[in-house]
>>> print(open('structure12.pdb').read())   # PDB, C-alpha atoms
ATOM      1  CA  MET A   1      14.935 -10.279  -8.601
ATOM      2  CA  PRO A   2      13.124  -9.350 -11.817
ATOM      3  CA  ASP A   3      13.985  -6.040 -13.451
ATOM      4  CA  TYR A   4      10.809  -4.007 -12.936
ATOM      5  CA  ASN A   5      10.215  -1.008 -15.166
ATOM      6  CA  TRP A   6       8.694   1.544 -12.823
ATOM      7  CA  ASN A   7       8.084   3.894 -15.753
ATOM      8  CA  ASN A   8       5.220   1.609 -16.800
ATOM      9  CA  LEU A   9       3.202   2.639 -13.749
ATOM     10  CA  PRO A  10       0.362   5.014 -14.501
ATOM     11  CA  THR A  11      -0.542   8.165 -12.593
ATOM     12  CA  ARG A  12      -4.163   9.131 -12.014
ATOM     13  CA  THR A  13      -5.704  12.434 -11.055
ATOM     14  CA  LEU A  14      -9.152  12.837  -9.574
ATOM     15  CA  VAL A  15     -11.105  15.524  -7.813
ATOM     16  CA  MET A  16     -12.568  14.646  -4.431
ATOM     17  CA  ASP A  17     -14.382  17.102  -2.182
ATOM     18  CA  GLY A  18     -13.108  19.925  -4.381
ATOM     19  CA  GLN A  19      -9.461  18.853  -3.996
ATOM     20  CA  THR A  20      -7.217  17.514  -6.739
ATOM     21  CA  VAL A  21      -5.821  14.157  -5.625
ATOM     22  CA  THR A  22      -3.055  12.397  -7.529
ATOM     23  CA  LEU A  23      -2.480   8.657  -7.295
ATOM     24  CA  ARG A  24       1.147   7.815  -8.061
ATOM     25  CA  PRO A  25       4.210   5.850  -6.982
ATOM     26  CA  LEU A  26       6.375   7.099  -4.135
ATOM     27  CA  THR A  27       9.531   8.987  -5.154
ATOM     28  CA  LYS A  28      12.721   9.769  -3.234
ATOM     29  CA  SER A  29      11.612  13.396  -2.964
ATOM     30  CA  ASP A  30       8.556  12.286  -0.912
ATOM     31  CA  GLU A  31      10.640  11.574   2.204
ATOM     32  CA  THR A  32       9.483  14.610   4.226
ATOM     33  CA  ALA A  33       5.838  14.273   3.185
ATOM     34  CA  LEU A  34       5.858  10.540   3.968
ATOM     35  CA  GLY A  35       7.369  11.232   7.392
ATOM     36  CA  ASP A  36       4.667  13.848   8.033
ATOM     37  CA  TYR A  37       2.043  11.300   6.983
ATOM     38  CA  PHE A  38       3.395   8.657   9.362
ATOM     39  CA  LEU A  39       3.513  11.110  12.271
ATOM     40  CA  GLY A  40      -0.019  12.323  11.519
ATOM     41  CA  LEU A  41      -1.703   8.919  11.749
ATOM     42  CA  SER A  42      -3.837   8.449  14.842
ATOM     43  CA  ALA A  43      -3.049   5.798  17.429
ATOM     44  CA  GLN A  44      -6.117   3.863  16.232
ATOM     45  CA  THR A  45      -4.924   3.793  12.618
ATOM     46  CA  ARG A  46      -1.403   2.847  13.699
ATOM     47  CA  ARG A  47      -2.801   0.000  15.790
ATOM     48  CA  VAL A  48      -4.464  -1.700  12.813
ATOM     49  CA  TYR A  49      -1.724  -0.953  10.276
ATOM     50  CA  ALA A  50       1.698  -2.051  11.371
ATOM     51  CA  PRO A  51       4.068  -3.283   8.656
ATOM     52  CA  HIS A  52       6.742  -0.869   9.945
ATOM     53  CA  PRO A  53       7.312   1.968  12.457
ATOM     54  CA  PHE A  54       5.677   5.344  11.792
ATOM     55  CA  ASP A  55       8.493   7.843  12.057
ATOM     56  CA  ARG A  56      10.789  10.007   9.962
ATOM     57  CA  ALA A  57      13.628   7.476  10.086
ATOM     58  CA  THR A  58      11.378   4.854   8.486
ATOM     59  CA  ALA A  59      10.264   7.326   5.809
ATOM     60  CA  ALA A  60      13.915   8.125   5.067
ATOM     61  CA  SER A  61      14.823   4.429   4.897
ATOM     62  CA  ILE A  62      11.902   3.599   2.590
ATOM     63  CA  CYS A  63      12.751   6.446   0.197
ATOM     64  CA  ALA A  64      16.476   5.604   0.243
ATOM     65  CA  LYS A  65      15.727   2.020  -0.839
ATOM     66  CA  LEU A  66      13.814   3.105  -3.938
ATOM     67  CA  GLY A  67      15.672   1.881  -7.006
ATOM     68  CA  THR A  68      17.611  -0.778  -5.085
ATOM     69  CA  PRO A  69      17.071  -4.545  -5.316
ATOM     70  CA  GLU A  70      15.558  -4.549  -1.803
ATOM     71  CA  GLY A  71      13.257  -1.626  -2.512
ATOM     72  CA  ASP A  72      12.230  -2.765  -5.963
ATOM     73  CA  SER A  73      10.177  -5.686  -4.692
ATOM     74  CA  TYR A  74       7.696  -3.141  -3.268
ATOM     75  CA  LEU A  75       5.271  -0.776  -4.917
ATOM     76  CA  ARG A  76       4.655   2.144  -2.583
ATOM     77  CA  LEU A  77       1.668   3.968  -3.935
ATOM     78  CA  LEU A  78       0.481   7.342  -2.690
ATOM     79  CA  ALA A  79      -2.578   9.514  -2.848
ATOM     80  CA  VAL A  80      -1.366  13.107  -2.586
ATOM     81  CA  SER A  81      -2.880  16.564  -2.649
ATOM     82  CA  GLY A  82      -0.165  19.123  -3.236
ATOM     83  CA  ASN A  83       2.701  18.038  -0.990
ATOM     84  CA  THR A  84       0.451  16.228   1.481
ATOM     85  CA  VAL A  85       0.231  12.440   1.549
ATOM     86  CA  LEU A  86      -3.367  11.343   2.121
ATOM     87  CA  ALA A  87      -2.872   7.580   1.797
ATOM     88  CA  CYS A  88      -0.109   5.040   1.278
ATOM     89  CA  PHE A  89      -0.597   1.531  -0.050
ATOM     90  CA  ILE A  90       2.338  -0.877   0.039
ATOM     91  CA  VAL A  91       2.265  -3.735  -2.444
ATOM     92  CA  HIS A  92       4.946  -6.398  -2.016
ATOM     93  CA  LEU A  93       5.517  -8.116  -5.359
ATOM     94  CA  GLY A  94       5.563 -11.697  -4.162
ATOM     95  CA  LEU A  95       4.881 -13.366  -0.842
ATOM     96  CA  HIS A  96       6.926 -13.207   2.337
ATOM     97  CA  GLU A  97       8.358 -16.626   3.084
ATOM     98  CA  LYS A  98       6.655 -16.990   6.481
ATOM     99  CA  ASP A  99       3.242 -16.070   5.074
ATOM    100  CA  ARG A 100       3.746 -18.406   2.135
ATOM    101  CA  GLU A 101       4.569 -21.300   4.440
ATOM    102  CA  ARG A 102       1.798 -20.510   6.902
ATOM    103  CA  ARG A 103      -1.137 -19.461   4.723
ATOM    104  CA  TYR A 104      -0.435 -19.179   1.041
ATOM    105  CA  SER A 105       1.498 -22.281   0.011
ATOM    106  CA  HIS A 106      -1.072 -22.833  -2.748
ATOM    107  CA  LEU A 107      -0.220 -19.492  -4.430
ATOM    108  CA  ASP A 108       2.498 -18.918  -7.007
ATOM    109  CA  PRO A 109       4.712 -16.150  -5.562
ATOM    110  CA  ASP A 110       5.490 -14.943  -9.101
ATOM    111  CA  LEU A 111       1.785 -14.235  -9.665
ATOM    112  CA  ALA A 112       0.852 -13.010  -6.182
ATOM    113  CA  CYS A 113       1.411  -9.870  -4.163
ATOM    114  CA  MET A 114       0.695  -8.665  -0.645
ATOM    115  CA  LEU A 115      -1.087  -5.428   0.254
ATOM    116  CA  ALA A 116      -0.787  -3.151   3.286
ATOM    117  CA  PRO A 117      -3.078  -0.121   2.821
ATOM    118  CA  SER A 118      -3.446   2.941   5.018
ATOM    119  CA  VAL A 119      -5.439   6.150   4.687
ATOM    120  CA  THR A 120      -5.011   9.208   6.875
ATOM    121  CA  ASP A 121      -7.795   9.552   9.404
ATOM    122  CA  VAL A 122      -9.519  12.613   7.885
ATOM    123  CA  TRP A 123      -9.760  10.865   4.496
ATOM    124  CA  GLN A 124     -11.151   7.562   5.769
ATOM    125  CA  ASN A 125     -14.730   6.721   4.705
ATOM    126  CA  ARG A 126     -14.652   9.245   1.857
ATOM    127  CA  GLY A 127     -13.925   6.883  -1.042
ATOM    128  CA  LEU A 128     -10.214   7.611  -1.372
ATOM    129  CA  GLY A 129      -9.216   4.107  -0.276
ATOM    130  CA  SER A 130     -11.440   2.591  -2.966
ATOM    131  CA  HIS A 131      -9.791   4.719  -5.665
ATOM    132  CA  LEU A 132      -6.318   3.819  -4.418
ATOM    133  CA  MET A 133      -7.273   0.132  -4.185
ATOM    134  CA  ALA A 134      -8.290   0.081  -7.853
ATOM    135  CA  TYR A 135      -5.051   1.888  -8.713
ATOM    136  CA  ALA A 136      -2.986  -0.597  -6.656
ATOM    137  CA  LYS A 137      -4.631  -3.540  -8.422
ATOM    138  CA  ASP A 138      -3.912  -1.964 -11.823
ATOM    139  CA  CYS A 139      -0.263  -1.331 -10.884
ATOM    140  CA  ALA A 140       0.142  -4.893  -9.613
ATOM    141  CA  ARG A 141      -1.205  -6.200 -12.926
ATOM    142  CA  VAL A 142       1.484  -4.181 -14.762
ATOM    143  CA  PHE A 143       3.971  -6.509 -13.046
ATOM    144  CA  GLY A 144       2.016  -9.678 -13.831
ATOM    145  CA  ARG A 145       0.370 -10.108 -10.440
ATOM    146  CA  GLN A 146      -2.958 -11.919 -10.612
ATOM    147  CA  VAL A 147      -3.655 -12.455  -6.904
ATOM    148  CA  MET A 148      -3.522  -9.920  -4.073
ATOM    149  CA  VAL A 149      -3.632 -10.939  -0.413
ATOM    150  CA  LEU A 150      -3.698  -8.834   2.722
ATOM    151  CA  TRP A 151      -0.354  -8.427   4.415
ATOM    152  CA  GLY A 152      -0.943  -9.809   7.899
ATOM    153  CA  GLY A 153      -4.690 -10.199   7.370
ATOM    154  CA  VAL A 154      -7.332  -8.033   8.977
ATOM    155  CA  ARG A 155      -8.320  -7.819  12.623
ATOM    156  CA  GLU A 156     -11.726  -9.191  13.500
ATOM    157  CA  GLU A 157     -12.400  -6.152  15.707
ATOM    158  CA  ASN A 158     -11.996  -3.836  12.695
ATOM    159  CA  PRO A 159     -15.395  -4.047  10.958
ATOM    160  CA  ARG A 160     -14.734  -0.955   8.794
ATOM    161  CA  ALA A 161     -11.683  -2.648   7.295
ATOM    162  CA  ILE A 162     -13.542  -5.924   6.799
ATOM    163  CA  HIS A 163     -16.273  -4.037   4.917
ATOM    164  CA  PHE A 164     -13.670  -2.197   2.801
ATOM    165  CA  TYR A 165     -11.839  -5.401   1.841
ATOM    166  CA  THR A 166     -15.048  -7.274   1.117
ATOM    167  CA  LYS A 167     -16.338  -4.555  -1.213
ATOM    168  CA  SER A 168     -12.858  -4.508  -2.849
ATOM    169  CA  GLY A 169     -13.217  -8.198  -3.751
ATOM    170  CA  PHE A 170     -11.207  -9.837  -0.949
ATOM    171  CA  ARG A 171     -12.455 -13.022   0.709
TER     172      ARG A 171
END
>>> encode(input="structure12.pdb", output="C-alpha coordinates")
Amino acid sequence: MPDYNWNNLPTRTLVMDGQTVTLRPLTKSDETALGDYFLGLSAQTRRVYAPHPFDRATAASICAKLGTPEGDSYLRLLAVSGNTVLACFIVHLGLHEKDRERRYSHLDPDLACMLAPSVTDVWQNRGLGSHLMAYAKDCARVFGRQVMVLWGGVREENPRAIHFYTKSGFR
(Lines of atoms letter the chains of each structure in order from A and count residues from 1; the text may use other names and numbers.)
(Lines give C-alpha, C1' and ligand atoms only; values in the text may rest on other atoms or scores of the structure.)
Protein backbone atom coordinates (compact mmCIF):
# COMPACT_ATOMS: atom_id res chain seq x y z
CA MET A 1 0.00 0.00 0.00
CA PRO A 2 1.43 3.40 -0.94
CA ASP A 3 2.08 5.89 1.85
CA TYR A 4 -0.54 8.57 1.21
CA ASN A 5 -0.01 12.00 2.71
CA TRP A 6 -3.48 13.05 3.78
CA ASN A 7 -2.17 16.49 4.72
CA ASN A 8 -1.96 17.27 0.99
CA LEU A 9 -5.75 17.25 0.71
CA PRO A 10 -7.29 20.68 0.39
CA THR A 11 -10.31 22.00 2.27
CA ARG A 12 -12.85 24.24 0.56
CA THR A 13 -15.46 26.55 1.99
CA LEU A 14 -18.46 27.83 0.10
CA VAL A 15 -21.72 29.53 0.90
CA MET A 16 -24.88 27.85 -0.34
CA ASP A 17 -28.39 29.05 0.45
CA GLY A 18 -26.92 31.34 3.10
CA GLN A 19 -25.12 28.47 4.87
CA THR A 20 -21.37 28.00 5.12
CA VAL A 21 -20.49 24.55 3.78
CA THR A 22 -17.03 23.05 4.18
CA LEU A 23 -15.71 20.33 1.91
CA ARG A 24 -13.06 18.27 3.69
CA PRO A 25 -11.81 14.77 4.49
CA LEU A 26 -13.48 12.72 7.20
CA THR A 27 -11.75 12.73 10.60
CA LYS A 28 -12.02 10.36 13.56
CA SER A 29 -13.97 13.02 15.45
CA ASP A 30 -16.74 12.84 12.80
CA GLU A 31 -18.03 9.48 14.06
CA THR A 32 -21.23 10.80 15.70
CA ALA A 33 -22.04 13.19 12.84
CA LEU A 34 -21.43 10.45 10.25
CA GLY A 35 -23.71 8.09 12.18
CA ASP A 36 -26.39 10.79 12.29
CA TYR A 37 -25.97 11.27 8.54
CA PHE A 38 -26.38 7.56 7.83
CA LEU A 39 -29.49 7.32 10.02
CA GLY A 40 -30.99 10.43 8.39
CA LEU A 41 -30.87 9.14 4.81
CA SER A 42 -34.25 8.25 3.37
CA ALA A 43 -35.10 4.72 2.29
CA GLN A 44 -34.98 5.90 -1.33
CA THR A 45 -31.44 7.28 -0.98
CA ARG A 46 -30.31 4.15 0.86
CA ARG A 47 -31.74 1.98 -1.91
CA VAL A 48 -29.57 3.56 -4.61
CA TYR A 49 -26.43 3.98 -2.49
CA ALA A 50 -25.31 0.81 -0.82
CA PRO A 51 -21.55 0.31 -0.40
CA HIS A 52 -22.10 -0.42 3.32
CA PRO A 53 -24.80 -0.44 6.04
CA PHE A 54 -26.16 2.90 7.28
CA ASP A 55 -25.83 2.73 11.04
CA ARG A 56 -23.74 3.99 13.93
CA ALA A 57 -21.63 0.83 14.06
CA THR A 58 -20.56 1.37 10.44
CA ALA A 59 -19.74 5.03 11.16
CA ALA A 60 -17.64 3.94 14.14
CA SER A 61 -15.84 1.29 12.08
CA ILE A 62 -15.11 3.70 9.22
CA CYS A 63 -13.69 6.35 11.58
CA ALA A 64 -11.65 3.77 13.52
CA LYS A 65 -9.96 2.62 10.30
CA LEU A 66 -8.73 6.10 9.42
CA GLY A 67 -4.94 6.10 9.46
CA THR A 68 -4.68 2.31 9.08
CA PRO A 69 -3.52 0.44 5.97
CA GLU A 70 -7.10 -0.74 5.34
CA GLY A 71 -8.60 2.70 5.79
CA ASP A 72 -5.92 4.55 3.87
CA SER A 73 -6.98 3.16 0.51
CA TYR A 74 -10.17 5.26 0.81
CA LEU A 75 -10.79 8.97 0.67
CA ARG A 76 -13.94 9.75 2.63
CA LEU A 77 -14.89 13.27 1.74
CA LEU A 78 -17.58 15.26 3.51
CA ALA A 79 -19.65 18.35 2.97
CA VAL A 80 -20.46 19.73 6.42
CA SER A 81 -22.27 22.70 7.87
CA GLY A 82 -21.33 23.11 11.50
CA ASN A 83 -21.40 19.60 12.93
CA THR A 84 -23.90 18.31 10.38
CA VAL A 85 -22.82 16.08 7.50
CA LEU A 86 -24.66 17.05 4.32
CA ALA A 87 -22.92 14.67 1.90
CA CYS A 88 -20.33 11.91 1.90
CA PHE A 89 -18.33 10.80 -1.11
CA ILE A 90 -16.19 7.67 -0.84
CA VAL A 91 -13.27 7.39 -3.23
CA HIS A 92 -11.45 4.06 -3.27
CA LEU A 93 -7.90 4.61 -4.50
CA GLY A 94 -7.67 1.72 -6.92
CA LEU A 95 -10.14 -0.83 -8.20
CA HIS A 96 -11.78 -3.68 -6.33
CA GLU A 97 -10.57 -6.97 -7.73
CA LYS A 98 -14.03 -8.21 -8.76
CA ASP A 99 -14.84 -4.98 -10.59
CA ARG A 100 -11.45 -4.99 -12.27
CA GLU A 101 -11.96 -8.53 -13.53
CA ARG A 102 -15.56 -7.94 -14.57
CA ARG A 103 -15.56 -4.45 -16.07
CA TYR A 104 -12.33 -2.55 -15.81
CA SER A 105 -9.53 -4.90 -16.85
CA HIS A 106 -8.36 -2.25 -19.32
CA LEU A 107 -7.68 0.28 -16.52
CA ASP A 108 -4.46 0.62 -14.54
CA PRO A 109 -5.48 0.27 -10.87
CA ASP A 110 -2.63 2.61 -9.87
CA LEU A 111 -4.19 5.39 -11.96
CA ALA A 112 -7.87 4.65 -11.31
CA CYS A 113 -10.27 5.10 -8.44
CA MET A 114 -13.87 4.21 -7.65
CA LEU A 115 -16.53 6.65 -6.43
CA ALA A 116 -19.59 6.13 -4.24
CA PRO A 117 -21.32 9.50 -3.67
CA SER A 118 -24.28 10.31 -1.46
CA VAL A 119 -26.04 13.54 -0.55
CA THR A 120 -28.61 13.92 2.20
CA ASP A 121 -32.12 14.20 0.84
CA VAL A 122 -32.73 17.88 1.69
CA TRP A 123 -29.52 18.89 -0.12
CA GLN A 124 -30.14 16.91 -3.31
CA ASN A 125 -30.73 18.97 -6.48
CA ARG A 126 -29.21 22.10 -4.94
CA GLY A 127 -25.73 21.92 -6.48
CA LEU A 128 -23.91 20.52 -3.45
CA GLY A 129 -23.16 17.21 -5.17
CA SER A 130 -21.56 19.05 -8.09
CA HIS A 131 -19.27 20.99 -5.74
CA LEU A 132 -18.31 17.83 -3.87
CA MET A 133 -17.75 15.97 -7.16
CA ALA A 134 -15.25 18.59 -8.31
CA TYR A 135 -13.58 18.42 -4.89
CA ALA A 136 -13.43 14.59 -5.04
CA LYS A 137 -11.82 14.71 -8.49
CA ASP A 138 -9.24 17.23 -7.25
CA CYS A 139 -8.44 15.08 -4.19
CA ALA A 140 -8.10 11.96 -6.34
CA ARG A 141 -5.64 13.80 -8.58
CA VAL A 142 -3.51 14.61 -5.50
CA PHE A 143 -2.94 10.85 -5.28
CA GLY A 144 -2.20 10.43 -8.99
CA ARG A 145 -5.61 9.13 -10.04
CA GLN A 146 -6.48 9.94 -13.64
CA VAL A 147 -9.65 7.87 -14.08
CA MET A 148 -12.72 7.72 -11.83
CA VAL A 149 -15.40 5.06 -12.22
CA LEU A 150 -18.67 4.58 -10.39
CA TRP A 151 -18.56 2.03 -7.62
CA GLY A 152 -21.22 -0.49 -8.61
CA GLY A 153 -22.47 1.63 -11.52
CA VAL A 154 -25.76 3.47 -11.58
CA ARG A 155 -29.27 2.05 -11.68
CA GLU A 156 -31.18 2.58 -14.89
CA GLU A 157 -34.29 3.53 -12.91
CA ASN A 158 -32.42 6.45 -11.31
CA PRO A 159 -32.58 9.18 -13.98
CA ARG A 160 -31.52 11.94 -11.55
CA ALA A 161 -28.28 10.10 -10.86
CA ILE A 162 -27.69 9.40 -14.55
CA HIS A 163 -28.11 13.13 -15.27
CA PHE A 164 -25.74 14.04 -12.41
CA TYR A 165 -23.02 11.63 -13.58
CA THR A 166 -23.37 12.66 -17.20
CA LYS A 167 -23.00 16.36 -16.39
CA SER A 168 -20.00 15.43 -14.17
CA GLY A 169 -18.23 13.89 -17.18
CA PHE A 170 -18.99 10.18 -16.66
CA ARG A 171 -19.89 7.97 -19.62
>>> residues_around(input="structure12.pdb", residues="Tyr104 (chain A)", least_positions_apart="4", cutoff="9 Å", atoms="all atoms listed in the file", output="PDB file with C-alpha atoms, in the frame of the given file")
ATOM      1  CA  LEU A  95       4.881 -13.366  -0.842  1.00  0.00           C
ATOM      2  CA  ASP A  99       3.242 -16.070   5.074  1.00  0.00           C
ATOM      3  CA  ARG A 100       3.746 -18.406   2.135  1.00  0.00           C
ATOM      4  CA  ASP A 108       2.498 -18.918  -7.007  1.00  0.00           C
ATOM      5  CA  PRO A 109       4.712 -16.150  -5.562  1.00  0.00           C
ATOM      6  CA  VAL A 149      -3.632 -10.939  -0.413  1.00  0.00           C
TER       7      VAL A 149
END
>>> atom_distance(input="structure12.pdb", atom1="CA of Leu41 (chain A)", atom2="CA of Gly82 (chain A)")
18.2 Å
>>> atom_distance(input="structure12.pdb", atom1="CA of Asn8 (chain A)", atom2="CA of Cys139 (chain A)")
8.6 Å
>>> closest_atom_pairs(input="structure12.pdb", of="region 31-71 of chain A", to="region 83-87 of chain A", cutoff="10 Å", atoms="all atoms listed in the file", output="JSON lines")
{"residue": "A:Thr32", "atom": "CA", "partner": "A:Asn83", "partner_atom": "CA", "distance": 9.2}
{"residue": "A:Ala33", "atom": "CA", "partner": "A:Thr84", "partner_atom": "CA", "distance": 6.0}
{"residue": "A:Leu34", "atom": "CA", "partner": "A:Val85", "partner_atom": "CA", "distance": 6.4}
{"residue": "A:Gly35", "atom": "CA", "partner": "A:Val85", "partner_atom": "CA", "distance": 9.3}
{"residue": "A:Asp36", "atom": "CA", "partner": "A:Val85", "partner_atom": "CA", "distance": 8.0}
{"residue": "A:Tyr37", "atom": "CA", "partner": "A:Val85", "partner_atom": "CA", "distance": 5.8}
{"residue": "A:Phe38", "atom": "CA", "partner": "A:Val85", "partner_atom": "CA", "distance": 9.2}
{"residue": "A:Gly40", "atom": "CA", "partner": "A:Val85", "partner_atom": "CA", "distance": 10.0}
>>> write_last_selection(input="structure12.pdb", atoms="C-alpha atoms", output="PDB file, in the frame of the given file")
ATOM      1  CA  THR A  32       9.483  14.610   4.226  1.00  0.00           C
ATOM      2  CA  ALA A  33       5.838  14.273   3.185  1.00  0.00           C
ATOM      3  CA  LEU A  34       5.858  10.540   3.968  1.00  0.00           C
ATOM      4  CA  GLY A  35       7.369  11.232   7.392  1.00  0.00           C
ATOM      5  CA  ASP A  36       4.667  13.848   8.033  1.00  0.00           C
ATOM      6  CA  TYR A  37       2.043  11.300   6.983  1.00  0.00           C
ATOM      7  CA  PHE A  38       3.395   8.657   9.362  1.00  0.00           C
ATOM      8  CA  GLY A  40      -0.019  12.323  11.519  1.00  0.00           C
TER       9      GLY A  40
END
>>> closest_atom_pairs(input="structure12.pdb", of="region 15-124 of chain A", to="region 163-170 of chain A", cutoff="12 Å", atoms="all atoms listed in the file", output="JSON lines")
{"residue": "A:Met114", "atom": "CA", "partner": "A:Phe170", "partner_atom": "CA", "distance": 12.0}
{"residue": "A:Leu115", "atom": "CA", "partner": "A:Tyr165", "partner_atom": "CA", "distance": 10.9}
{"residue": "A:Ala116", "atom": "CA", "partner": "A:Tyr165", "partner_atom": "CA", "distance": 11.4}
{"residue": "A:Pro117", "atom": "CA", "partner": "A:Tyr165", "partner_atom": "CA", "distance": 10.3}
{"residue": "A:Ser118", "atom": "CA", "partner": "A:Phe164", "partner_atom": "CA", "distance": 11.7}
{"residue": "A:Val119", "atom": "CA", "partner": "A:Phe164", "partner_atom": "CA", "distance": 11.9}
{"residue": "A:Gln124", "atom": "CA", "partner": "A:Phe164", "partner_atom": "CA", "distance": 10.5}
>>> atom_distance(input="structure12.pdb", atom1="CA of Ala140 (chain A)", atom2="CA of Leu111 (chain A)")
9.5 Å
>>> resolve_selection(input="structure12.pdb", expression="the PyMOL selection byres ((chain A and resi 55) around 7)", output="MDAnalysis selection string")
chainID A and resid 35 38:39 53:54 56:59
>>> resolve_selection(input="structure12.pdb", expression="the PyMOL selection byres ((chain A and resi 79) around 9)", output="list in words")
Val21, Thr22, Leu23, Arg24, Pro25, Leu77, Leu78, Val80, Ser81, Thr84, Val85, Leu86, Ala87, Cys88, Phe89, Val119, Leu128, Gly129 and Leu132 of chain A
>>> closest_residue(input="structure12.pdb", among="A:Ile62, A:Glu101, A:Arg76, A:Ser42", to="Val122 (chain A)", atoms="only C-alpha atoms")
A:Ser42
>>> closest_residue(input="structure12.pdb", among="A:Ala43, A:Cys113, A:Leu107, A:Leu26", to="Gly67 (chain A)", atoms="all atoms listed in the file")
A:Leu26
>>> closest_residue(input="structure12.pdb", among="A:Val91, A:Ile162, A:Thr27, A:Arg46", to="Ala60 (chain A)", atoms="all atoms listed in the file")
A:Thr27
>>> closest_residue(input="structure12.pdb", among="A:Glu70, A:Ser105, A:Gln44, A:Met148", to="Asp121 (chain A)", atoms="only C-alpha atoms")
A:Gln44
